[in-house]
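K.L.:
Have a look at the structure that comes next, please.
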Amino acid sequence: MAAPWEDVLRDPAAIREAAAAAVDWALLEGVLMRTEGQPNASDVVNYAPFTLLPSAVPSALFEQAYAVQQDFNLLVDAISQNKEFLERTLASTIKVDEFTARLFRIHMQVLEEGLAQSVFLGINRSDYMFDCGVDGTPALKQIEINTIAASFGGLTSRTVAVHGRVLKVLGKSKEASRLLPNNPSRGLALGIAKAWELYGSPSAVVMFLVEEVQRNIFDQRCVENELWNRNIRVIRKRFRDVFEKGSLDDAKRLYMDGQEVAVVYYREGYVPKNYDQQNWEARLLLERSRAVKCPDIATQLAGTKKVQQELSRPGTLERLLPGRAEAVARIRATFAGLYSLDVGEEGDKMAAAAIADPDRFVLKPQREGGGNNLYGEELRQVLLKIKDSPERTSYILMDKIKPQPALNYLLRAHSPLQVSQCISELGIFGVYVRQGEEMVMNKAAGHLLRTKAIEHADGGVAAGVAVLDTPYLV
Ligand code: ADP
Ligand code: MG
């Protein structure tokens with residue numbers, strides 16, 4: 001899987017020069033993030049971390065990931081509409097995980113009241129690593145699917161130009177011309193625009209629901225720009241604003257400050273720390289409304305690790321996607337081993353297996369955003385402690401994916417330039433819109449490649465571990 005620039009990696013002077021220029025190009029192209037010190041002001045900004053060089057990605061696996069994305073869109077949508085499946089699958093988890101339980105209670109309450117929403121918009125990102133088999137052949141294995149606040153669809157569109165120029169400077173013009181254009185934010189915006197149009201109120205706005213701390217605002221602005229270009233008004237609000245100024249009318253139309261909201265696009269609300277009591281109330285208000293939520297709460301629940309584990313059971317995909325044997329086969333081919341730790345014989349067996357051989361597995365709680373999973377000795381210690389307690393049901397076990405590392409330089413503000421052994425994670429963005437029963441849009445919208453040094457078992461770009469990258473197909 002080696003990229004054709006092993007030679008330049010051994011030329012420190014050329015690397016230093018290219019790295020300095022790469023940072024300028026990143027700033028010029030808008031690969032930007034606010035700083036940790038001033039996360040809510042744009043007076044001082046920095047570049048979002050990125051690799052100096054593109055990383056090699058096997059083209060067959062890249063195509064496979066694109067080819068299965070519409071299937072995953074259908075699957076997530078089917079799960080979100082299957083009350084019994086969500087109820088059964090999450091029953092053990094919600095007994096021990098208060099965050100999932102709270103989301104689930106809102107889900108049930110909204111269903112009991114009757115859904116006011118009739119247009120549904122899903123934006124997800126299915127993430128993969130390239131697992132290196134015993135014979136060295138890489139295979140596409142899904143890490144997870146993110147059904148809420150999947151980020152970097154904006155900034156990733158801007159790394160292609162940066163990496164293209166780096167390759168040219170290093171004398172690799174032919175390779176530079178082979179980098180694929182990529183603009184997920186446009187596809188995401190097309191989905192939002194379609195949902196806005198189907199909502200059917202031309203004066204209504206799109207509301208981006210954003211976090212208190214907004215370091216990644218430029219990524220969101222990329223999507224926002226695409227909407228303004230289509231003459232769709234966008235407002236940015238926090239849960240706190242919704243609590244203070246949001247209201248529903250008799251038809252459950254959502255208003256913010258007297259302005260009707262057609263679509264709520266969540267870039268917030270995926271981890272417990274996003275919520276206090278008022279924010280939970282704001283979330284409930286949004287879910288009860290007629291506005292198109294991206295995602296609605298059922299779709300957020302469809303993205304939990306527990307659901308992912310349940311999907312890998314024989315027969316589950318077939319029941320969720322009846323009559324779609326080919327889609328089922330494409331989806332299943334991407335699954336790594338996933339195991340329940342529910343109380344019972346099966347859970348006992350897997351807990352014992354992981355304690356005996358922790359390096360084979362990853363232990364995952366029902367959390368998003370990176371930095372929550374457990375590996376190796378830590379995994380073993382935690383399992384030893386909770387193996388006889390129901391607490392273990394708040395986790396799932398997954399086979400550890402072992403990709404082949406490659407050398408690259410990770411460029412990060414205020415960090416020394418040094419070569420690292422790296423592994424990459426490929427994400428494909430999916431977008432779909434459903435009106436009532438009818439799918440009116442179902443697309444793959446682009447990709448994201450993130451790369452990290454192998455010393456870090458866990459963590460994404462926002463967590464400060466991975467950096468943005470561009471795939472170079474081999
Ligand atoms: P999160 O919701 O926190 O992003 P993920 O399941 O994506 O949770 O895991 C976070 C990170 O941990 C991934 O980006 C990847 O680097 C690593 N990781 C997760 N699952 C595995 C696995 N099965 N094998 C190897 N690494 C994994
Ligand atoms: Mg992840």
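Letters A, B, ... mark the chains of the structure tokens in the order given; residue numbers begin at 1 per chain; ligand numbers begin at 1, in order shown.
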Could you list, with a cut-off of 9 Å and counting only C-alpha atoms and all ligand atoms, the residues of chain A near ligand 1, each shown with its nearest atom pair and the distance in Å rounded to one decimal, rows sorted by chain and ascending number, as JSON lines?
P.N.:
```
{"residue": "A:Asp127", "atom": "CA", "partner": "ligand 1", "partner_atom_place_in_ligand_line": "7 (O)", "distance": 7.1}
{"residue": "A:Tyr128", "atom": "CA", "partner": "ligand 1", "partner_atom_place_in_ligand_line": "14 (O)", "distance": 8.6}
{"residue": "A:Met129", "atom": "CA", "partner": "ligand 1", "partner_atom_place_in_ligand_line": "25 (C)", "distance": 7.6}
{"residue": "A:Asp131", "atom": "CA", "partner": "ligand 1", "partner_atom_place_in_ligand_line": "24 (N)", "distance": 8.6}
{"residue": "A:Lys141", "atom": "CA", "partner": "ligand 1", "partner_atom_place_in_ligand_line": "23 (N)", "distance": 8.4}
{"residue": "A:Gln142", "atom": "CA", "partner": "ligand 1", "partner_atom_place_in_ligand_line": "23 (N)", "distance": 8.0}
{"residue": "A:Ile143", "atom": "CA", "partner": "ligand 1", "partner_atom_place_in_ligand_line": "20 (N)", "distance": 5.0}
{"residue": "A:Glu144", "atom": "CA", "partner": "ligand 1", "partner_atom_place_in_ligand_line": "6 (O)", "distance": 5.1}
{"residue": "A:Ile145", "atom": "CA", "partner": "ligand 1", "partner_atom_place_in_ligand_line": "7 (O)", "distance": 7.8}
{"residue": "A:Asn146", "atom": "CA", "partner": "ligand 1", "partner_atom_place_in_ligand_line": "2 (O)", "distance": 7.2}
{"residue": "A:Thr304", "atom": "CA", "partner": "ligand 1", "partner_atom_place_in_ligand_line": "2 (O)", "distance": 8.5}
{"residue": "A:Lys305", "atom": "CA", "partner": "ligand 1", "partner_atom_place_in_ligand_line": "6 (O)", "distance": 7.5}
{"residue": "A:Ala336", "atom": "CA", "partner": "ligand 1", "partner_atom_place_in_ligand_line": "23 (N)", "distance": 7.2}
{"residue": "A:Gly337", "atom": "CA", "partner": "ligand 1", "partner_atom_place_in_ligand_line": "23 (N)", "distance": 8.4}
{"residue": "A:Leu338", "atom": "CA", "partner": "ligand 1", "partner_atom_place_in_ligand_line": "23 (N)", "distance": 8.6}
{"residue": "A:Arg360", "atom": "CA", "partner": "ligand 1", "partner_atom_place_in_ligand_line": "24 (N)", "distance": 8.9}
{"residue": "A:Phe361", "atom": "CA", "partner": "ligand 1", "partner_atom_place_in_ligand_line": "23 (N)", "distance": 6.9}
{"residue": "A:Val362", "atom": "CA", "partner": "ligand 1", "partner_atom_place_in_ligand_line": "23 (N)", "distance": 5.6}
{"residue": "A:Leu363", "atom": "CA", "partner": "ligand 1", "partner_atom_place_in_ligand_line": "20 (N)", "distance": 8.3}
{"residue": "A:Lys364", "atom": "CA", "partner": "ligand 1", "partner_atom_place_in_ligand_line": "6 (O)", "distance": 7.1}
{"residue": "A:Pro365", "atom": "CA", "partner": "ligand 1", "partner_atom_place_in_ligand_line": "8 (O)", "distance": 8.7}
{"residue": "A:Gln366", "atom": "CA", "partner": "ligand 1", "partner_atom_place_in_ligand_line": "2 (O)", "distance": 8.0}
{"residue": "A:Arg367", "atom": "CA", "partner": "ligand 1", "partner_atom_place_in_ligand_line": "2 (O)", "distance": 5.7}
{"residue": "A:Glu368", "atom": "CA", "partner": "ligand 1", "partner_atom_place_in_ligand_line": "2 (O)", "distance": 3.3}
{"residue": "A:Gly369", "atom": "CA", "partner": "ligand 1", "partner_atom_place_in_ligand_line": "3 (O)", "distance": 4.1}
{"residue": "A:Gly370", "atom": "CA", "partner": "ligand 1", "partner_atom_place_in_ligand_line": "3 (O)", "distance": 3.1}
{"residue": "A:Gly371", "atom": "CA", "partner": "ligand 1", "partner_atom_place_in_ligand_line": "3 (O)", "distance": 5.8}
{"residue": "A:Asn372", "atom": "CA", "partner": "ligand 1", "partner_atom_place_in_ligand_line": "3 (O)", "distance": 5.8}
{"residue": "A:Asn373", "atom": "CA", "partner": "ligand 1", "partner_atom_place_in_ligand_line": "9 (O)", "distance": 6.4}
{"residue": "A:Leu374", "atom": "CA", "partner": "ligand 1", "partner_atom_place_in_ligand_line": "12 (O)", "distance": 8.7}
{"residue": "A:Tyr375", "atom": "CA", "partner": "ligand 1", "partner_atom_place_in_ligand_line": "26 (N)", "distance": 8.9}
{"residue": "A:Leu397", "atom": "CA", "partner": "ligand 1", "partner_atom_place_in_ligand_line": "23 (N)", "distance": 8.5}
{"residue": "A:Met398", "atom": "CA", "partner": "ligand 1", "partner_atom_place_in_ligand_line": "23 (N)", "distance": 5.3}
{"residue": "A:Asp399", "atom": "CA", "partner": "ligand 1", "partner_atom_place_in_ligand_line": "23 (N)", "distance": 5.2}
{"residue": "A:Lys400", "atom": "CA", "partner": "ligand 1", "partner_atom_place_in_ligand_line": "24 (N)", "distance": 3.6}
{"residue": "A:Ile401", "atom": "CA", "partner": "ligand 1", "partner_atom_place_in_ligand_line": "24 (N)", "distance": 3.7}
{"residue": "A:Lys402", "atom": "CA", "partner": "ligand 1", "partner_atom_place_in_ligand_line": "25 (C)", "distance": 6.3}
{"residue": "A:Pro403", "atom": "CA", "partner": "ligand 1", "partner_atom_place_in_ligand_line": "25 (C)", "distance": 8.2}
{"residue": "A:Ile423", "atom": "CA", "partner": "ligand 1", "partner_atom_place_in_ligand_line": "16 (O)", "distance": 8.5}
{"residue": "A:Ser424", "atom": "CA", "partner": "ligand 1", "partner_atom_place_in_ligand_line": "16 (O)", "distance": 8.1}
{"residue": "A:Glu425", "atom": "CA", "partner": "ligand 1", "partner_atom_place_in_ligand_line": "14 (O)", "distance": 6.8}
{"residue": "A:Arg450", "atom": "CA", "partner": "ligand 1", "partner_atom_place_in_ligand_line": "14 (O)", "distance": 8.5}
{"residue": "A:Thr451", "atom": "CA", "partner": "ligand 1", "partner_atom_place_in_ligand_line": "16 (O)", "distance": 8.7}
{"residue": "A:Lys452", "atom": "CA", "partner": "ligand 1", "partner_atom_place_in_ligand_line": "16 (O)", "distance": 7.8}
{"residue": "A:His456", "atom": "CA", "partner": "ligand 1", "partner_atom_place_in_ligand_line": "16 (O)", "distance": 7.8}
{"residue": "A:Ala457", "atom": "CA", "partner": "ligand 1", "partner_atom_place_in_ligand_line": "17 (C)", "distance": 5.8}
{"residue": "A:Asp458", "atom": "CA", "partner": "ligand 1", "partner_atom_place_in_ligand_line": "12 (O)", "distance": 3.7}
{"residue": "A:Gly459", "atom": "CA", "partner": "ligand 1", "partner_atom_place_in_ligand_line": "11 (C)", "distance": 4.7}
{"residue": "A:Gly460", "atom": "CA", "partner": "ligand 1", "partner_atom_place_in_ligand_line": "14 (O)", "distance": 5.4}
{"residue": "A:Val461", "atom": "CA", "partner": "ligand 1", "partner_atom_place_in_ligand_line": "14 (O)", "distance": 8.9}
{"residue": "A:Val465", "atom": "CA", "partner": "ligand 1", "partner_atom_place_in_ligand_line": "16 (O)", "distance": 8.9}
{"residue": "A:Ala466", "atom": "CA", "partner": "ligand 1", "partner_atom_place_in_ligand_line": "16 (O)", "distance": 8.0}
```
K.L.:
Produce a file of the selected residues containing C-alpha atoms, as a PDB file, in the first residue's frame.
P.N.:
```pdb
ATOM      1  CA  ASP A 127     -16.001   5.251   9.159  1.00  0.00           C
ATOM      2  CA  TYR A 128     -13.641   2.434   8.175  1.00  0.00           C
ATOM      3  CA  MET A 129     -10.132   1.190   8.642  1.00  0.00           C
ATOM      4  CA  ASP A 131      -7.647  -4.302   8.352  1.00  0.00           C
ATOM      5  CA  LYS A 141     -13.863  -2.847   8.136  1.00  0.00           C
ATOM      6  CA  GLN A 142     -16.370  -0.427   9.593  1.00  0.00           C
ATOM      7  CA  ILE A 143     -15.368   1.314  12.826  1.00  0.00           C
ATOM      8  CA  GLU A 144     -18.746   2.950  13.398  1.00  0.00           C
ATOM      9  CA  ILE A 145     -21.432   5.026  11.754  1.00  0.00           C
ATOM     10  CA  ASN A 146     -22.023   8.560  13.019  1.00  0.00           C
ATOM     11  CA  THR A 304     -25.384   3.939  19.143  1.00  0.00           C
ATOM     12  CA  LYS A 305     -22.643   1.363  19.566  1.00  0.00           C
ATOM     13  CA  ALA A 336     -15.753  -6.585  12.108  1.00  0.00           C
ATOM     14  CA  GLY A 337     -16.543  -8.970  14.978  1.00  0.00           C
ATOM     15  CA  LEU A 338     -18.895  -7.270  17.453  1.00  0.00           C
ATOM     16  CA  ARG A 360      -7.611  -8.640  20.327  1.00  0.00           C
ATOM     17  CA  PHE A 361     -10.435  -6.268  21.299  1.00  0.00           C
ATOM     18  CA  VAL A 362     -11.685  -2.722  21.837  1.00  0.00           C
ATOM     19  CA  LEU A 363     -14.116  -2.049  24.697  1.00  0.00           C
ATOM     20  CA  LYS A 364     -16.635   0.662  23.784  1.00  0.00           C
ATOM     21  CA  PRO A 365     -19.124   2.572  25.935  1.00  0.00           C
ATOM     22  CA  GLN A 366     -22.157   4.341  24.404  1.00  0.00           C
ATOM     23  CA  ARG A 367     -20.236   7.544  23.745  1.00  0.00           C
ATOM     24  CA  GLU A 368     -19.221   9.649  20.764  1.00  0.00           C
ATOM     25  CA  GLY A 369     -16.493  12.125  20.009  1.00  0.00           C
ATOM     26  CA  GLY A 370     -13.337  10.069  20.571  1.00  0.00           C
ATOM     27  CA  GLY A 371     -11.258   9.230  23.612  1.00  0.00           C
ATOM     28  CA  ASN A 372     -13.818   6.982  25.313  1.00  0.00           C
ATOM     29  CA  ASN A 373     -12.808   3.483  24.236  1.00  0.00           C
ATOM     30  CA  LEU A 374     -10.582   1.165  26.224  1.00  0.00           C
ATOM     31  CA  TYR A 375      -7.675  -0.928  24.969  1.00  0.00           C
ATOM     32  CA  LEU A 397     -16.768  -5.430  22.594  1.00  0.00           C
ATOM     33  CA  MET A 398     -15.302  -5.182  19.120  1.00  0.00           C
ATOM     34  CA  ASP A 399     -12.473  -6.935  17.341  1.00  0.00           C
ATOM     35  CA  LYS A 400      -9.504  -4.624  17.066  1.00  0.00           C
ATOM     36  CA  ILE A 401      -8.725  -3.614  13.498  1.00  0.00           C
ATOM     37  CA  LYS A 402      -5.044  -3.745  12.660  1.00  0.00           C
ATOM     38  CA  PRO A 403      -4.083  -1.609   9.655  1.00  0.00           C
ATOM     39  CA  ILE A 423      -2.737   4.696  10.257  1.00  0.00           C
ATOM     40  CA  SER A 424      -5.770   6.153   8.518  1.00  0.00           C
ATOM     41  CA  GLU A 425      -9.537   6.031   8.879  1.00  0.00           C
ATOM     42  CA  ARG A 450      -8.165  11.113   8.965  1.00  0.00           C
ATOM     43  CA  THR A 451      -4.726   9.900   9.971  1.00  0.00           C
ATOM     44  CA  LYS A 452      -3.076   9.454  13.352  1.00  0.00           C
ATOM     45  CA  HIS A 456      -2.695   6.698  19.892  1.00  0.00           C
ATOM     46  CA  ALA A 457      -5.243   3.922  20.110  1.00  0.00           C
ATOM     47  CA  ASP A 458      -8.230   6.278  20.091  1.00  0.00           C
ATOM     48  CA  GLY A 459      -9.416   9.711  19.108  1.00  0.00           C
ATOM     49  CA  GLY A 460     -10.413  11.890  16.192  1.00  0.00           C
ATOM     50  CA  VAL A 461      -9.417  15.312  14.888  1.00  0.00           C
ATOM     51  CA  VAL A 465      -5.248  12.975  17.936  1.00  0.00           C
ATOM     52  CA  ALA A 466      -6.017  12.490  14.249  1.00  0.00           C
TER      53      ALA A 466
END
```
K.L.:
With a cut-off of 12 Å, could you pull out the residues of segment 70-131 of chain A touching segment 309-313 of chain A and give me the nearest pair of atoms for each, distance in Å to one decimal, using only C-alpha atoms, ordered by chain and ascending number, as a Markdown table?
P.N.:
```
| residue | atom | partner | partner_atom | distance |
| --- | --- | --- | --- | --- |
| A:Phe72 | CA | A:Leu311 | CA | 11.5 |
| A:Leu75 | CA | A:Leu311 | CA | 9.8 |
| A:Val76 | CA | A:Leu311 | CA | 10.7 |
| A:Ile79 | CA | A:Leu311 | CA | 9.9 |
| A:Phe85 | CA | A:Glu310 | CA | 9.7 |
| A:Leu86 | CA | A:Glu310 | CA | 10.1 |
| A:Arg88 | CA | A:Glu310 | CA | 10.0 |
| A:Thr89 | CA | A:Glu310 | CA | 6.8 |
| A:Leu90 | CA | A:Glu310 | CA | 9.4 |
| A:Ala91 | CA | A:Glu310 | CA | 11.9 |
| A:Ser92 | CA | A:Glu310 | CA | 11.9 |
| A:Thr93 | CA | A:Glu310 | CA | 11.8 |
```
K.L.:
So which residues touch segment 267-281 of chain A within 8 Å, counting only C-alpha atoms, skipping near sequence neighbours fewer than 3 positions away, as a PyMOL selection string?
P.N.:
chain A and resi 99+148-151+208-211+239-240+243+284-285+367-369
K.L.:
Give the answer as one residue: which of A:Gly303, A:Pro390, A:Gly430, A:Pro405 has the shortest atom-to-atom distance to ligand 2, using only C-alpha atoms and all ligand atoms?
P.N.:
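Among A:Gly303, A:Pro390, A:Gly430, A:Pro405, it is A:Gly303 that comes nearest to ligand 2.
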K.L.:
Assign secondary structure with DSSP using the backbone only, and return the residues of segment 137-351 of chain A in strand (DSSP E or B) as an MDAnalysis selection string.
P.N.:
chainID A and resid 138:146 205:209 234:237 246:248 254:256 259:266 292:294 338:340
K.L.:
Could you write out the selected residues, including N, CA and C atoms, as an mmCIF file, in the first residue's frame?
P.N.:
```cif
data_model
loop_
_atom_site.group_PDB
_atom_site.id
_atom_site.type_symbol
_atom_site.label_atom_id
_atom_site.label_comp_id
_atom_site.auth_asym_id
_atom_site.auth_seq_id
_atom_site.Cartn_x
_atom_site.Cartn_y
_atom_site.Cartn_z
ATOM 1 N N PRO A 138 -5.369 -6.067 2.605
ATOM 2 C CA PRO A 138 -6.218 -5.212 3.429
ATOM 3 C C PRO A 138 -7.707 -5.416 3.134
ATOM 4 N N ALA A 139 -8.533 -5.310 4.179
ATOM 5 C CA ALA A 139 -9.983 -5.436 4.023
ATOM 6 C C ALA A 139 -10.651 -4.230 4.665
ATOM 7 N N LEU A 140 -11.766 -3.809 4.059
ATOM 8 C CA LEU A 140 -12.512 -2.659 4.573
ATOM 9 C C LEU A 140 -13.346 -3.084 5.778
ATOM 10 N N LYS A 141 -13.088 -2.495 6.937
ATOM 11 C CA LYS A 141 -13.863 -2.847 8.136
ATOM 12 C C LYS A 141 -14.432 -1.582 8.771
ATOM 13 N N GLN A 142 -15.721 -1.603 9.015
ATOM 14 C CA GLN A 142 -16.370 -0.427 9.593
ATOM 15 C C GLN A 142 -15.973 -0.249 11.055
ATOM 16 N N ILE A 143 -15.622 0.979 11.419
ATOM 17 C CA ILE A 143 -15.368 1.314 12.826
ATOM 18 C C ILE A 143 -16.698 1.659 13.488
ATOM 19 N N GLU A 144 -17.431 2.563 12.870
ATOM 20 C CA GLU A 144 -18.746 2.950 13.398
ATOM 21 C C GLU A 144 -19.448 3.789 12.345
ATOM 22 N N ILE A 145 -20.735 4.056 12.578
ATOM 23 C CA ILE A 145 -21.432 5.026 11.754
ATOM 24 C C ILE A 145 -21.908 6.153 12.660
ATOM 25 N N ASN A 146 -21.643 7.382 12.235
ATOM 26 C CA ASN A 146 -22.023 8.560 13.019
ATOM 27 C C ASN A 146 -23.307 9.117 12.442
ATOM 28 N N VAL A 205 -36.410 29.314 8.082
ATOM 29 C CA VAL A 205 -34.947 29.270 8.054
ATOM 30 C C VAL A 205 -34.430 27.870 8.396
ATOM 31 N N VAL A 206 -33.137 27.691 8.147
ATOM 32 C CA VAL A 206 -32.426 26.496 8.623
ATOM 33 C C VAL A 206 -31.671 26.908 9.886
ATOM 34 N N MET A 207 -31.809 26.127 10.948
ATOM 35 C CA MET A 207 -31.100 26.442 12.193
ATOM 36 C C MET A 207 -29.986 25.421 12.436
ATOM 37 N N PHE A 208 -28.748 25.914 12.508
ATOM 38 C CA PHE A 208 -27.639 25.066 12.940
ATOM 39 C C PHE A 208 -27.625 25.132 14.462
ATOM 40 N N LEU A 209 -27.774 23.991 15.098
ATOM 41 C CA LEU A 209 -27.703 23.946 16.549
ATOM 42 C C LEU A 209 -26.246 23.678 16.921
ATOM 43 N N VAL A 234 -29.793 30.955 7.055
ATOM 44 C CA VAL A 234 -29.269 30.072 8.109
ATOM 45 C C VAL A 234 -29.080 30.887 9.388
ATOM 46 N N ILE A 235 -29.535 30.332 10.511
ATOM 47 C CA ILE A 235 -29.225 30.942 11.800
ATOM 48 C C ILE A 235 -28.450 29.926 12.641
ATOM 49 N N ARG A 236 -27.592 30.432 13.525
ATOM 50 C CA ARG A 236 -26.799 29.562 14.411
ATOM 51 C C ARG A 236 -27.266 29.795 15.837
ATOM 52 N N LYS A 237 -27.723 28.739 16.489
ATOM 53 C CA LYS A 237 -28.247 28.891 17.856
ATOM 54 C C LYS A 237 -27.760 27.749 18.723
ATOM 55 N N GLY A 246 -37.255 29.630 22.008
ATOM 56 C CA GLY A 246 -37.944 28.719 21.098
ATOM 57 C C GLY A 246 -39.372 28.474 21.539
ATOM 58 N N SER A 247 -40.273 28.290 20.558
ATOM 59 C CA SER A 247 -41.663 27.968 20.913
ATOM 60 C C SER A 247 -42.322 27.191 19.778
ATOM 61 N N LEU A 248 -43.417 26.516 20.114
ATOM 62 C CA LEU A 248 -44.201 25.790 19.110
ATOM 63 C C LEU A 248 -45.576 26.453 19.008
ATOM 64 N N LEU A 254 -42.094 25.192 14.634
ATOM 65 C CA LEU A 254 -41.066 25.695 15.543
ATOM 66 C C LEU A 254 -40.727 27.140 15.195
ATOM 67 N N TYR A 255 -40.706 27.983 16.221
ATOM 68 C CA TYR A 255 -40.307 29.390 16.031
ATOM 69 C C TYR A 255 -39.143 29.738 16.944
ATOM 70 N N MET A 256 -38.193 30.491 16.386
ATOM 71 C CA MET A 256 -37.099 31.055 17.187
ATOM 72 C C MET A 256 -37.192 32.562 17.024
ATOM 73 N N GLN A 259 -39.246 33.612 14.243
ATOM 74 C CA GLN A 259 -38.881 33.170 12.899
ATOM 75 C C GLN A 259 -39.150 31.663 12.775
ATOM 76 N N GLU A 260 -39.864 31.263 11.746
ATOM 77 C CA GLU A 260 -40.162 29.836 11.612
ATOM 78 C C GLU A 260 -38.909 29.056 11.198
ATOM 79 N N VAL A 261 -38.732 27.873 11.796
ATOM 80 C CA VAL A 261 -37.561 27.040 11.487
ATOM 81 C C VAL A 261 -38.017 25.797 10.716
ATOM 82 N N ALA A 262 -37.464 25.599 9.522
ATOM 83 C CA ALA A 262 -37.824 24.446 8.696
ATOM 84 C C ALA A 262 -36.961 23.232 9.029
ATOM 85 N N VAL A 263 -35.645 23.471 9.216
ATOM 86 C CA VAL A 263 -34.703 22.363 9.431
ATOM 87 C C VAL A 263 -33.800 22.697 10.619
ATOM 88 N N VAL A 264 -33.632 21.724 11.519
ATOM 89 C CA VAL A 264 -32.665 21.862 12.615
ATOM 90 C C VAL A 264 -31.509 20.903 12.325
ATOM 91 N N TYR A 265 -30.328 21.464 12.111
ATOM 92 C CA TYR A 265 -29.139 20.648 11.814
ATOM 93 C C TYR A 265 -28.254 20.631 13.070
ATOM 94 N N TYR A 266 -28.212 19.473 13.717
ATOM 95 C CA TYR A 266 -27.473 19.363 14.975
ATOM 96 C C TYR A 266 -25.974 19.216 14.737
ATOM 97 N N VAL A 292 -37.864 19.686 10.436
ATOM 98 C CA VAL A 292 -37.064 18.519 10.049
ATOM 99 C C VAL A 292 -35.814 18.515 10.923
ATOM 100 N N LYS A 293 -35.667 17.472 11.751
ATOM 101 C CA LYS A 293 -34.467 17.390 12.573
ATOM 102 C C LYS A 293 -33.434 16.522 11.863
ATOM 103 N N CYS A 294 -32.225 17.015 11.835
ATOM 104 C CA CYS A 294 -31.151 16.220 11.242
ATOM 105 C C CYS A 294 -30.100 15.981 12.305
ATOM 106 N N LEU A 338 -18.299 -8.123 16.415
ATOM 107 C CA LEU A 338 -18.895 -7.270 17.453
ATOM 108 C C LEU A 338 -19.601 -8.181 18.446
ATOM 109 N N TYR A 339 -19.468 -7.880 19.746
ATOM 110 C CA TYR A 339 -19.969 -8.812 20.755
ATOM 111 C C TYR A 339 -20.697 -8.089 21.874
ATOM 112 N N SER A 340 -21.797 -8.693 22.291
ATOM 113 C CA SER A 340 -22.588 -8.163 23.397
ATOM 114 C C SER A 340 -21.958 -8.548 24.728
#
```
K.L.:
Find the residues near Val31 of chain A: any atom within 6 Å, counting only C-alpha atoms, skip ones fewer than 4 places away on the same chain, and give them as JSON, numbers by chain.
P.N.:
{"A": [26, 27, 47, 48, 155]}
K.L.:
Between atom CA of Gly200 of chain A and atom CA of Ala291 of chain A, measure the distance and give it in Å to one decimal.
P.N.:
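Interatomic distance here is 10.7 Å.
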K.L.:
Pick out the residues sitting within 12 Å of Lys194 of chain A, and hand them over as number ranges by chain; count only C-alpha atoms, and ignore anything fewer than 3 positions along from it in its own chain.
P.N.:
A: 119-122, 187-191, 197-200, 206, 227, 230, 232, 262-263, 292, 431-435, 439-442
K.L.:
Please return as a ChimeraX atom specification: the residues of segment 17-139 of chain A that backbone DSSP assigns to helix (DSSP H, G or I).
P.N.:
/A:17-29,59-67,69-80,83-96,98-113
K.L.:
If you count only C-alpha atoms, which residues fall within 7 Å of segment 112-117 of chain A, apart from same-chain ones fewer than 2 positions away, as a list in words?
P.N.:
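The filter keeps Met108, Gln109, Val110, Val119, Lys252, Arg288, Ser289, Arg290, Ala291 and Val292 of chain A.
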K.L.:
Do you know which residues are at most 7 Å from segment 62-70 of chain A counting only C-alpha atoms, after dropping those on the same chain fewer than 2 positions away, and could you put them as a PyMOL selection string?
P.N.:
chain A and resi 57-60+72-74+330-331+428+430+442-444
K.L.:
In Å, rounded to a single decimal, give me how far atom CA of Asn183 of chain A is from atom CA of Gly427 of chain A.
P.N.:
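The value is 13.0 Å.
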K.L.:
Report the distance between atom CA of Ile123 of chain A and atom CA of Leu410 of chain A in Å, rounded to one decimal place.
P.N.:
28.5 Å
